[in-house]
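Okay, data_3.tsv is below, TSV, C-alpha atoms:
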```
chain	number	residue	atom	x	y	z
H	83	MET	CA	0.00	0.00	0.00
H	84	LYS	CA	2.85	2.35	0.88
H	85	ASN	CA	4.42	1.59	-2.49
H	86	PHE	CA	1.23	2.55	-4.30
H	87	LEU	CA	1.02	5.87	-2.48
H	88	ARG	CA	4.64	6.57	-3.40
H	89	GLN	CA	3.93	5.72	-7.07
H	90	LEU	CA	0.98	8.14	-7.01
H	91	TYR	CA	3.08	10.88	-5.42
H	92	GLU	CA	5.81	10.38	-8.02
H	93	GLY	CA	3.36	10.46	-10.91
H	94	LEU	CA	1.70	13.61	-9.65
H	95	PHE	CA	4.72	15.62	-8.50
H	96	THR	CA	8.32	14.44	-8.44
H	97	ASN	CA	8.15	12.49	-11.70
H	98	ASN	CA	5.22	14.27	-13.36
H	99	PRO	CA	5.19	13.22	-17.05
H	100	VAL	CA	4.63	16.72	-18.42
H	101	LEU	CA	6.26	19.04	-15.89
H	102	VAL	CA	9.32	16.94	-14.97
H	103	GLN	CA	9.80	14.28	-17.66
H	104	LEU	CA	8.81	16.77	-20.37
H	105	ILE	CA	6.99	14.28	-22.59
H	106	GLY	CA	3.54	14.37	-24.18
H	107	MET	CA	3.84	18.00	-25.24
H	108	CYS	CA	1.49	18.04	-28.23
H	109	PRO	CA	-1.80	17.36	-26.42
H	110	THR	CA	-0.58	19.42	-23.46
H	111	LEU	CA	-0.18	22.50	-25.60
H	112	ALA	CA	-3.04	21.95	-28.00
H	113	THR	CA	-5.96	21.02	-25.77
H	114	THR	CA	-5.44	23.35	-22.79
H	115	THR	CA	-7.44	26.26	-24.16
H	116	SER	CA	-10.17	25.68	-21.56
H	117	LEU	CA	-10.38	23.70	-18.32
H	118	GLU	CA	-13.12	21.48	-19.75
H	119	ASN	CA	-10.98	20.47	-22.73
H	120	GLY	CA	-7.86	19.97	-20.64
H	121	PHE	CA	-9.66	17.79	-18.09
H	122	GLY	CA	-11.40	15.78	-20.83
H	123	MET	CA	-8.13	15.14	-22.63
H	124	GLY	CA	-6.43	14.14	-19.37
H	125	MET	CA	-9.19	11.65	-18.50
H	126	ALA	CA	-9.25	10.13	-22.01
H	127	ALA	CA	-5.48	9.63	-21.94
H	128	THR	CA	-5.64	8.20	-18.39
H	129	ALA	CA	-8.24	5.63	-19.45
H	130	VAL	CA	-6.10	4.51	-22.39
H	131	LEU	CA	-2.96	4.48	-20.26
H	132	ILE	CA	-4.47	2.27	-17.55
H	133	CYS	CA	-5.95	-0.22	-20.05
H	134	SER	CA	-2.82	-0.44	-22.18
H	135	ASN	CA	-0.54	-0.80	-19.15
H	136	VAL	CA	-2.66	-3.68	-17.81
H	137	VAL	CA	-2.84	-5.53	-21.14
H	138	ILE	CA	0.83	-5.03	-21.96
H	139	SER	CA	1.80	-6.21	-18.50
H	140	LEU	CA	-0.35	-9.33	-18.96
H	141	LEU	CA	1.24	-10.06	-22.32
H	142	ARG	CA	4.77	-9.08	-21.38
H	143	LYS	CA	6.09	-12.64	-21.55
H	144	LEU	CA	4.36	-13.43	-24.85
H	145	ILE	CA	5.47	-10.46	-26.96
H	146	PRO	CA	8.83	-11.07	-28.69
H	147	SER	CA	11.15	-8.17	-28.00
H	148	LYS	CA	11.91	-7.52	-31.67
H	149	VAL	CA	8.36	-6.56	-32.58
H	150	ARG	CA	7.38	-5.17	-29.21
H	151	ILE	CA	6.97	-1.54	-30.29
H	152	ALA	CA	4.59	-2.49	-33.11
H	153	ALA	CA	2.69	-4.77	-30.73
H	154	TYR	CA	2.40	-2.01	-28.10
H	155	ILE	CA	1.19	0.50	-30.67
H	156	THR	CA	-1.47	-1.91	-31.93
H	157	ILE	CA	-2.74	-2.50	-28.39
H	158	ILE	CA	-2.76	1.23	-27.66
H	159	ALA	CA	-4.46	2.02	-30.98
H	160	GLY	CA	-7.22	-0.47	-30.14
H	161	PHE	CA	-8.00	1.24	-26.84
H	162	VAL	CA	-7.79	4.70	-28.40
H	163	THR	CA	-10.32	3.71	-31.05
H	164	ALA	CA	-12.64	2.44	-28.30
H	165	VAL	CA	-12.30	5.67	-26.30
H	166	ASP	CA	-12.77	7.74	-29.47
H	167	LEU	CA	-16.00	5.95	-30.41
H	168	LEU	CA	-17.32	6.08	-26.82
H	169	MET	CA	-16.67	9.81	-26.63
H	170	GLN	CA	-18.33	10.42	-29.99
H	171	ALA	CA	-21.40	8.59	-28.69
H	172	TYR	CA	-21.68	9.94	-25.13
H	173	LEU	CA	-19.75	13.23	-25.09
H	174	PRO	CA	-20.21	14.58	-28.64
H	175	ASP	CA	-19.43	18.23	-27.74
H	176	LEU	CA	-16.16	17.44	-25.99
H	177	SER	CA	-15.25	15.01	-28.75
H	178	LYS	CA	-15.78	17.75	-31.34
H	179	SER	CA	-13.69	20.35	-29.53
H	180	LEU	CA	-10.79	17.92	-28.95
H	181	GLY	CA	-11.14	16.75	-32.55
H	182	LEU	CA	-7.99	15.34	-34.05
H	183	PHE	CA	-6.27	15.02	-30.69
H	184	ILE	CA	-8.31	12.01	-29.54
H	185	PRO	CA	-7.05	9.66	-32.27
H	186	LEU	CA	-3.63	11.21	-31.73
H	187	ILE	CA	-3.51	9.77	-28.18
H	188	VAL	CA	-2.01	6.75	-30.00
H	189	VAL	CA	1.23	8.62	-30.54
H	190	ASN	CA	1.25	10.30	-27.12
H	191	CYS	CA	4.79	9.59	-25.94
H	192	ILE	CA	3.66	9.15	-22.32
H	193	ILE	CA	1.70	6.01	-23.10
H	194	LEU	CA	4.40	4.32	-25.15
H	195	ALA	CA	7.06	5.41	-22.65
H	196	ARG	CA	5.18	3.83	-19.72
H	197	ALA	CA	4.59	0.65	-21.74
H	198	GLU	CA	8.27	0.37	-22.55
H	199	ALA	CA	9.72	1.55	-19.24
H	200	PHE	CA	7.26	0.09	-16.76
H	201	ALA	CA	4.47	-2.22	-17.93
H	202	SER	CA	6.78	-4.49	-19.93
H	203	LYS	CA	8.83	-5.23	-16.81
H	204	ASN	CA	6.33	-5.29	-13.96
H	205	LYS	CA	3.35	-7.28	-12.70
H	206	VAL	CA	-0.24	-6.35	-13.45
H	207	ILE	CA	-1.23	-4.52	-10.25
H	208	PRO	CA	1.81	-2.21	-10.08
H	209	SER	CA	1.35	-1.49	-13.81
H	210	LEU	CA	-2.27	-0.56	-13.21
H	211	VAL	CA	-1.25	1.80	-10.40
H	212	ASP	CA	1.52	3.23	-12.58
H	213	GLY	CA	-0.98	3.93	-15.37
H	214	LEU	CA	-3.31	5.62	-12.89
H	215	ALA	CA	-0.49	7.67	-11.32
H	216	MET	CA	0.98	8.85	-14.62
H	217	GLY	CA	-2.48	9.53	-16.05
H	218	LEU	CA	-3.44	11.61	-13.04
H	219	GLY	CA	-0.11	13.46	-13.23
H	220	PHE	CA	-0.84	14.25	-16.90
H	221	THR	CA	-4.38	15.40	-16.02
H	222	PHE	CA	-3.02	17.49	-13.13
H	223	ALA	CA	-0.57	19.32	-15.41
H	224	LEU	CA	-3.26	19.85	-18.05
H	225	CYS	CA	-5.67	21.27	-15.45
H	226	ILE	CA	-3.10	23.77	-14.15
H	227	LEU	CA	-2.28	24.97	-17.65
H	228	SER	CA	-5.84	25.14	-18.88
H	229	THR	CA	-7.05	26.99	-15.76
H	230	ILE	CA	-4.40	29.68	-16.24
H	231	ARG	CA	-5.04	29.96	-19.96
H	232	GLU	CA	-8.82	30.03	-19.68
H	233	ILE	CA	-8.86	32.68	-16.94
H	234	LEU	CA	-6.38	34.97	-18.68
H	235	GLY	CA	-7.35	34.27	-22.27
H	236	ALA	CA	-11.12	34.17	-22.06
H	237	GLY	CA	-11.91	35.57	-18.59
H	238	THR	CA	-13.99	32.51	-17.75
H	239	LEU	CA	-13.63	29.27	-15.79
H	240	LEU	CA	-15.52	26.20	-17.02
H	241	GLY	CA	-17.47	28.63	-19.20
H	242	HIS	CA	-18.64	30.89	-16.35
H	243	PRO	CA	-17.51	34.53	-16.66
H	244	LEU	CA	-15.33	35.53	-13.70
H	245	PHE	CA	-14.96	39.26	-14.20
H	246	GLY	CA	-17.28	42.17	-15.01
H	247	ASP	CA	-18.29	43.25	-18.48
H	248	ASN	CA	-15.38	45.66	-18.73
H	249	PHE	CA	-12.79	42.87	-18.61
H	250	GLN	CA	-10.74	42.59	-21.77
H	251	PRO	CA	-9.34	39.04	-22.04
H	252	ALA	CA	-5.81	38.61	-23.37
H	253	ILE	CA	-6.78	36.48	-26.36
H	254	MET	CA	-3.11	35.73	-26.99
H	255	MET	CA	-3.20	33.30	-24.05
H	256	ILE	CA	-5.57	30.87	-25.76
H	257	LEU	CA	-3.65	31.09	-29.02
H	258	PRO	CA	-0.62	28.82	-29.65
H	259	ALA	CA	1.89	31.48	-28.52
H	260	GLY	CA	0.21	31.66	-25.12
H	261	GLY	CA	0.38	27.88	-24.81
H	262	PHE	CA	4.15	27.79	-25.13
H	263	LEU	CA	4.49	30.80	-22.81
H	264	THR	CA	2.28	29.36	-20.04
H	265	LEU	CA	3.99	25.97	-20.18
H	266	GLY	CA	7.41	27.63	-19.95
H	267	PHE	CA	6.43	29.58	-16.84
H	268	VAL	CA	4.71	26.63	-15.15
H	269	ILE	CA	7.73	24.35	-15.71
H	270	ALA	CA	10.06	27.08	-14.38
H	271	LEU	CA	7.89	27.38	-11.26
H	272	PHE	CA	7.89	23.60	-10.83
H	273	GLN	CA	11.67	23.43	-11.13
H	274	LYS	CA	11.98	26.12	-8.48
H	275	ILE	CA	9.68	24.28	-6.07
H	276	LEU	CA	11.43	20.92	-6.60
H	277	LYS	CA	14.86	22.50	-6.16
H	278	LYS	CA	13.81	24.04	-2.85
H	279	LYS	CA	12.50	20.69	-1.62
H	280	GLY	CA	15.67	18.91	-2.71
H	281	ALA	CA	17.95	21.41	-0.99
I	83	MET	CA	-7.31	20.03	-58.21
I	84	SER	CA	-6.04	23.06	-60.10
I	85	PHE	CA	-2.53	24.40	-59.70
I	86	THR	CA	-3.65	27.51	-57.80
I	87	GLU	CA	-5.63	25.40	-55.32
I	88	LEU	CA	-2.61	23.21	-54.70
I	89	PHE	CA	-0.41	26.26	-54.30
I	90	SER	CA	-2.66	27.84	-51.69
I	91	LEU	CA	-2.93	24.47	-49.90
I	92	ALA	CA	0.86	24.22	-49.76
I	93	LEU	CA	1.38	27.83	-48.68
I	94	GLY	CA	-1.29	27.42	-46.02
I	95	ALA	CA	0.36	24.32	-44.61
I	96	ILE	CA	3.80	25.94	-44.48
I	97	LEU	CA	3.04	29.43	-43.20
I	98	LEU	CA	-0.59	30.10	-42.25
I	99	GLU	CA	-1.26	26.87	-40.42
I	100	ASN	CA	2.24	25.75	-39.62
I	101	PHE	CA	1.98	22.26	-38.17
I	102	VAL	CA	4.15	22.93	-35.15
I	103	LEU	CA	3.55	26.54	-34.28
I	104	VAL	CA	-0.16	26.85	-35.08
I	105	LYS	CA	-1.57	23.30	-34.96
I	106	PHE	CA	0.70	21.87	-32.25
I	107	LEU	CA	1.43	18.71	-34.21
I	108	GLY	CA	4.91	17.27	-33.83
I	109	CYS	CA	5.86	19.24	-30.72
I	110	CYS	CA	7.84	16.36	-29.20
I	111	PRO	CA	10.63	16.28	-31.83
I	112	PHE	CA	10.32	20.06	-32.18
I	113	LEU	CA	11.32	20.48	-28.54
I	114	GLY	CA	13.39	17.30	-28.26
I	115	VAL	CA	15.80	17.36	-31.20
I	116	SER	CA	16.28	21.08	-31.72
I	117	LYS	CA	19.49	21.60	-29.81
I	118	LYS	CA	21.67	21.71	-32.95
I	119	THR	CA	20.81	23.07	-36.37
I	120	GLU	CA	22.31	20.11	-38.24
I	121	THR	CA	20.40	17.45	-36.34
I	122	ALA	CA	17.25	19.53	-36.66
I	123	LEU	CA	17.71	19.67	-40.41
I	124	GLY	CA	18.33	15.91	-40.56
I	125	MET	CA	15.18	15.24	-38.58
I	126	GLY	CA	13.25	17.64	-40.81
I	127	LEU	CA	14.36	15.91	-43.99
I	128	ALA	CA	13.58	12.45	-42.64
I	129	VAL	CA	10.11	13.61	-41.59
I	130	MET	CA	9.57	15.21	-45.00
I	131	PHE	CA	10.27	11.93	-46.75
I	132	VAL	CA	8.15	9.79	-44.43
I	133	MET	CA	5.23	12.21	-44.38
I	134	THR	CA	5.04	12.47	-48.17
I	135	VAL	CA	5.09	8.70	-48.64
I	136	ALA	CA	2.76	8.13	-45.68
I	137	SER	CA	0.21	10.57	-47.13
I	138	ALA	CA	0.19	8.67	-50.41
I	139	VAL	CA	0.00	5.20	-48.87
I	140	THR	CA	-2.65	6.03	-46.25
I	141	TYR	CA	-4.78	7.71	-48.91
I	142	LEU	CA	-4.71	4.59	-51.09
I	143	VAL	CA	-5.33	2.22	-48.18
I	144	ASN	CA	-8.18	4.37	-46.87
I	145	LYS	CA	-9.88	4.66	-50.24
I	146	TYR	CA	-9.42	1.17	-51.65
I	147	ILE	CA	-9.41	-0.99	-48.52
I	148	LEU	CA	-11.02	0.72	-45.54
I	149	LEU	CA	-13.84	2.56	-47.31
I	150	THR	CA	-14.49	-0.19	-49.85
I	151	PHE	CA	-15.03	-2.75	-47.09
I	152	ASP	CA	-16.79	-0.29	-44.77
I	153	LEU	CA	-14.08	-0.41	-42.11
I	154	GLY	CA	-13.85	3.34	-41.41
I	155	TYR	CA	-13.58	2.77	-37.66
I	156	MET	CA	-10.27	0.96	-38.15
I	157	GLN	CA	-8.62	4.12	-39.46
I	158	THR	CA	-6.45	4.94	-36.45
I	159	VAL	CA	-5.21	1.37	-36.04
I	160	ALA	CA	-4.56	0.90	-39.76
I	161	PHE	CA	-2.80	4.24	-40.22
I	162	ILE	CA	-0.44	3.86	-37.29
I	163	LEU	CA	0.52	0.36	-38.42
I	164	ILE	CA	1.19	1.65	-41.94
I	165	ILE	CA	3.35	4.46	-40.57
I	166	ALA	CA	5.26	2.15	-38.23
I	167	SER	CA	6.01	-0.37	-40.97
I	168	LEU	CA	6.83	2.39	-43.45
I	169	VAL	CA	9.39	3.83	-41.07
I	170	GLN	CA	10.85	0.36	-40.54
I	171	PHE	CA	10.99	-0.18	-44.31
I	172	VAL	CA	12.66	3.18	-44.94
I	173	GLU	CA	15.20	2.34	-42.26
I	174	MET	CA	16.08	-1.01	-43.87
I	175	PHE	CA	16.14	0.48	-47.37
I	176	LEU	CA	18.47	3.29	-46.38
I	177	MET	CA	20.72	0.92	-44.48
I	178	LYS	CA	21.28	-1.18	-47.63
I	179	SER	CA	21.35	1.43	-50.37
I	180	MET	CA	22.44	4.72	-48.79
I	181	PRO	CA	24.53	3.92	-45.73
I	182	SER	CA	25.87	7.47	-45.40
I	183	LEU	CA	22.40	8.98	-45.23
I	184	TYR	CA	21.36	6.19	-42.89
I	185	GLN	CA	24.20	7.05	-40.55
I	186	ALA	CA	23.24	10.70	-40.61
I	187	LEU	CA	19.57	10.07	-39.84
I	188	GLY	CA	20.11	6.91	-37.81
I	189	ILE	CA	18.59	7.61	-34.44
I	190	TYR	CA	15.85	9.91	-35.74
I	191	LEU	CA	14.20	7.38	-38.00
I	192	PRO	CA	12.51	5.23	-35.31
I	193	LEU	CA	11.40	8.41	-33.53
I	194	ILE	CA	9.31	9.42	-36.52
I	195	THR	CA	6.75	6.69	-35.78
I	196	THR	CA	5.66	8.56	-32.66
I	197	ASN	CA	5.75	11.97	-34.33
I	198	CYS	CA	2.12	12.98	-34.20
I	199	ALA	CA	2.49	15.18	-37.27
I	200	VAL	CA	2.70	12.05	-39.45
I	201	LEU	CA	-0.47	10.42	-38.11
I	202	GLY	CA	-2.03	13.89	-37.95
I	203	VAL	CA	-1.49	14.58	-41.63
I	204	ALA	CA	-2.94	11.18	-42.58
I	205	LEU	CA	-6.08	11.87	-40.54
I	206	LEU	CA	-6.37	15.47	-41.79
I	207	ASN	CA	-6.18	14.30	-45.41
I	208	VAL	CA	-9.24	12.14	-44.77
I	209	GLN	CA	-11.06	14.85	-42.78
I	210	ASN	CA	-10.52	17.48	-45.47
I	211	ASN	CA	-11.55	15.12	-48.29
I	212	LEU	CA	-8.38	15.76	-50.27
I	213	ASN	CA	-7.79	13.75	-53.44
I	214	PHE	CA	-4.59	11.79	-54.12
I	215	ILE	CA	-2.46	14.66	-55.44
I	216	GLY	CA	-3.87	17.00	-52.80
I	217	SER	CA	-2.93	14.54	-50.03
I	218	VAL	CA	0.63	14.17	-51.28
I	219	VAL	CA	1.11	17.93	-51.70
I	220	TYR	CA	-0.41	18.58	-48.28
I	221	GLY	CA	1.80	15.94	-46.64
I	222	PHE	CA	4.92	17.31	-48.27
I	223	SER	CA	4.23	20.95	-47.52
I	224	ALA	CA	3.15	20.26	-43.94
I	225	ALA	CA	6.49	18.50	-43.44
I	226	ALA	CA	8.28	21.43	-45.10
I	227	GLY	CA	6.58	23.72	-42.58
I	228	PHE	CA	7.75	21.41	-39.79
I	229	THR	CA	11.31	21.54	-41.12
I	230	LEU	CA	11.19	25.32	-41.39
I	231	ALA	CA	9.99	25.67	-37.81
I	232	ILE	CA	12.45	23.18	-36.30
I	233	VAL	CA	15.47	24.66	-38.12
I	234	LEU	CA	14.52	28.22	-37.13
I	235	PHE	CA	13.98	27.13	-33.54
I	236	ALA	CA	17.25	25.20	-33.43
I	237	SER	CA	19.22	28.24	-34.53
I	238	VAL	CA	17.52	30.31	-31.83
I	239	ARG	CA	18.36	27.65	-29.23
I	240	GLU	CA	22.01	27.55	-30.23
I	241	ARG	CA	22.26	31.21	-29.29
I	242	LEU	CA	20.24	30.63	-26.15
I	243	GLU	CA	22.93	28.31	-24.82
I	244	PHE	CA	25.27	31.25	-24.29
I	245	SER	CA	22.81	33.73	-22.86
I	246	GLU	CA	22.08	34.30	-19.22
I	247	CYS	CA	18.64	33.76	-17.78
I	248	PRO	CA	17.06	33.30	-14.32
I	249	PRO	CA	18.16	29.94	-12.82
I	250	SER	CA	14.66	28.42	-12.70
I	251	PHE	CA	14.22	29.14	-16.40
I	252	GLU	CA	17.44	27.45	-17.48
I	253	GLY	CA	17.12	24.78	-20.13
I	254	PHE	CA	13.63	23.82	-21.14
I	255	PRO	CA	11.46	26.69	-19.82
I	256	ILE	CA	13.41	29.42	-21.60
I	257	ALA	CA	13.27	27.35	-24.80
I	258	LEU	CA	9.48	27.25	-24.46
I	259	VAL	CA	9.34	31.01	-23.99
I	260	SER	CA	11.38	31.48	-27.18
I	261	ALA	CA	9.09	29.01	-28.97
I	262	SER	CA	6.23	31.25	-27.87
I	263	LEU	CA	7.91	34.28	-29.47
I	264	LEU	CA	8.43	32.25	-32.66
I	265	ALA	CA	4.75	31.26	-32.62
I	266	MET	CA	3.84	34.93	-32.21
I	267	ALA	CA	5.96	35.77	-35.24
I	268	PHE	CA	4.10	33.11	-37.26
I	269	MET	CA	0.80	34.71	-36.20
I	270	GLY	CA	1.87	37.58	-38.44
I	271	PHE	CA	1.21	35.35	-41.46
I	272	GLN	CA	-2.48	35.12	-40.57
I	273	GLY	CA	-3.31	38.15	-42.69
I	274	LEU	CA	-1.70	36.56	-45.74
I	275	LYS	CA	-4.32	35.65	-48.32
I	276	ILE	CA	-3.83	35.07	-52.01
I	277	PHE	CA	-7.39	34.59	-53.10
```
This structure in C-alpha cells:
Amino acid sequence: MKNFLRQLYEGLFTNNPVLVQLIGMCPTLATTTSLENGFGMGMAATAVLICSNVVISLLRKLIPSKVRIAAYITIIAGFVTAVDLLMQAYLPDLSKSLGLFIPLIVVNCIILARAEAFASKNKVIPSLVDGLAMGLGFTFALCILSTIREILGAGTLLGHPLFGDNFQPAIMMILPAGGFLTLGFVIALFQKILKKKGA
Amino acid sequence: MSFTELFSLALGAILLENFVLVKFLGCCPFLGVSKKTETALGMGLAVMFVMTVASAVTYLVNKYILLTFDLGYMQTVAFILIIASLVQFVEMFLMKSMPSLYQALGIYLPLITTNCAVLGVALLNVQNNLNFIGSVVYGFSAAAGFTLAIVLFASVRERLEFSECPPSFEGFPIALVSASLLAMAFMGFQGLKIF
C-alpha cells in the first residue's frame, strides 16, 4: 500500500510526465485552451494508459522483444479507437472540440514510454497503479495549464464569466503562442519548487 | 485540383497553419531534437520523406481498402501500423542502399513513428476530403513547414545556450518562452491571403 502511495506521489509531483519528464507536449499545448478540454483530454489519456498498461503487463512474456513496439502500438491504438467511439457517442461536444487530438492519443509519448519503461517489466497490479499515477499526473498538469489559460485568455472558468463586463481578455493566451508561454512559466515554477525541496 | 488550389494548400500548410507553431502537431521532436541546427535539419528531412510517402499510402489504403469494405472505424489502427512499418521499411532500405544517409539520420528514424504530425497529416487528409495529389502535396508541404519551424527554432536555441537567464528558467522553460515568441511571429502570417 505504501508503495502505491509513493507511485501516485511520483506520478503527480516528483516524476510528473509533463512538468518533470517533459513528454507528451502536443496534447498538453493543444488542448489546454479551456479547463473542460484539458480535463477531458487528461481523462481520455488516463483511461487509455491504464488499459494499455494492464494488457501489456499481462502479455509481457508473450510479446517477442523484436516486434514489441509495433505490438504495443497496436494495443494502444485499439483502446484509443474504443475511447474515441465512446466519446463520440456519449460526449459529442467534448469530442468535437478535442477533434484530431483524440485519435492522436495513439502517438502520445507518455503512453508508449510507460509501456516500454514500466508495464513491460512489472506485474499487473503495479502497472495498473503506474498507469493511474501517470495519467493523473498528466491530467493534473493539463488542469493547471488550462485553468491559467482560460482565466487569462477568455476571462472565464468552465465557461462561467469571472470578471465584469469591462474585462478585456488577453486572447493571446488561448492562441498557440500563449500555450508555449504558459507551459514555460509553469515548468520554471515547478523546477523552483522541486529545487527548494531537494535542498 | 487546379494548380492555384494546390499552391494555396501548400502555402497554407507551411506558413498560415504551420503544423508545429499553429496546430501543435509534432511538438515532441520540435522540442526534443532542436538543440543543434544540423540534427534539426536531418530530422526535418527524414520527416519530410516519411510524411510524403505516408500521405500517399494512407490515402490509397483508406480509399481502396477501408472505405471499400466499410471499415472506417479501423482508421487509427490501420494508419499507425502503416506508418510504423513504413518507417521500418525506410530504415532497412536506407541501411542497404544509402549507408551514409542512414548514418546521418540513424537515431531519428525510429522516432518518426511517434511523431504525431505524421499520423495527424494522414487523418487530416481524410477529414478534409483531399484527393490523391492534394494529399501528397499537403503531406509534403506540412512537413516542409515542420522543417522550417524546427530549423529556425534550433538556430535560436544555439544562441540561447550562451545567454544568461534566471536559474529556474534554465534549459527547457526558456526554450518554451522562445518558442512562444516564434509562434507569435508566425501569427503575423495570418493576414496573408492570395485569393
Open item on the list: Please compute the CA of Lys178 (chain H)-CA of Gln157 (chain I) distance, one decimal, in Å.
Closed with: 17.4 Å
Open item on the list: With all atoms listed in the file considered, list every residue of chain H at most 6 Å from chain I, as a VMD selection string.
Closed with: chain H and resid 107 to 108 112 159 189 258 to 259 262 to 263 266 270 274
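The space separating CA of Ala224 (chain I) from CA of Ile96 (chain I) comes to 5.7 Å.
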Open item on the list: Which polymer residues, whether protein, DNA or RNA, lie within 12 Å of the coordinate (7.1, 4.6, -44.0) when you count all atoms listed in the file? List them as a ChimeraX atom specification, using the chain letters and numbers from the file.
Closed with: /I:128-140,161-176,191-195,200-201
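The space separating CA of Leu265 (chain H) from CA of Met125 (chain I) comes to 24.1 Å.
Using only C-alpha atoms for every distance, the candidate list I:Tyr141, I:Phe228, I:Phe151, I:Phe235 yields I:Tyr141 as the residue closest to Asn213 (chain I).
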Task: Selection: 12 Å around Phe89 (chain I), all atoms listed in the file, excl. self and same-chain fewer than 2 positions, as a PyMOL selection string - done: chain I and resi 83-87+91-96+215-216+219-220+223+275-277
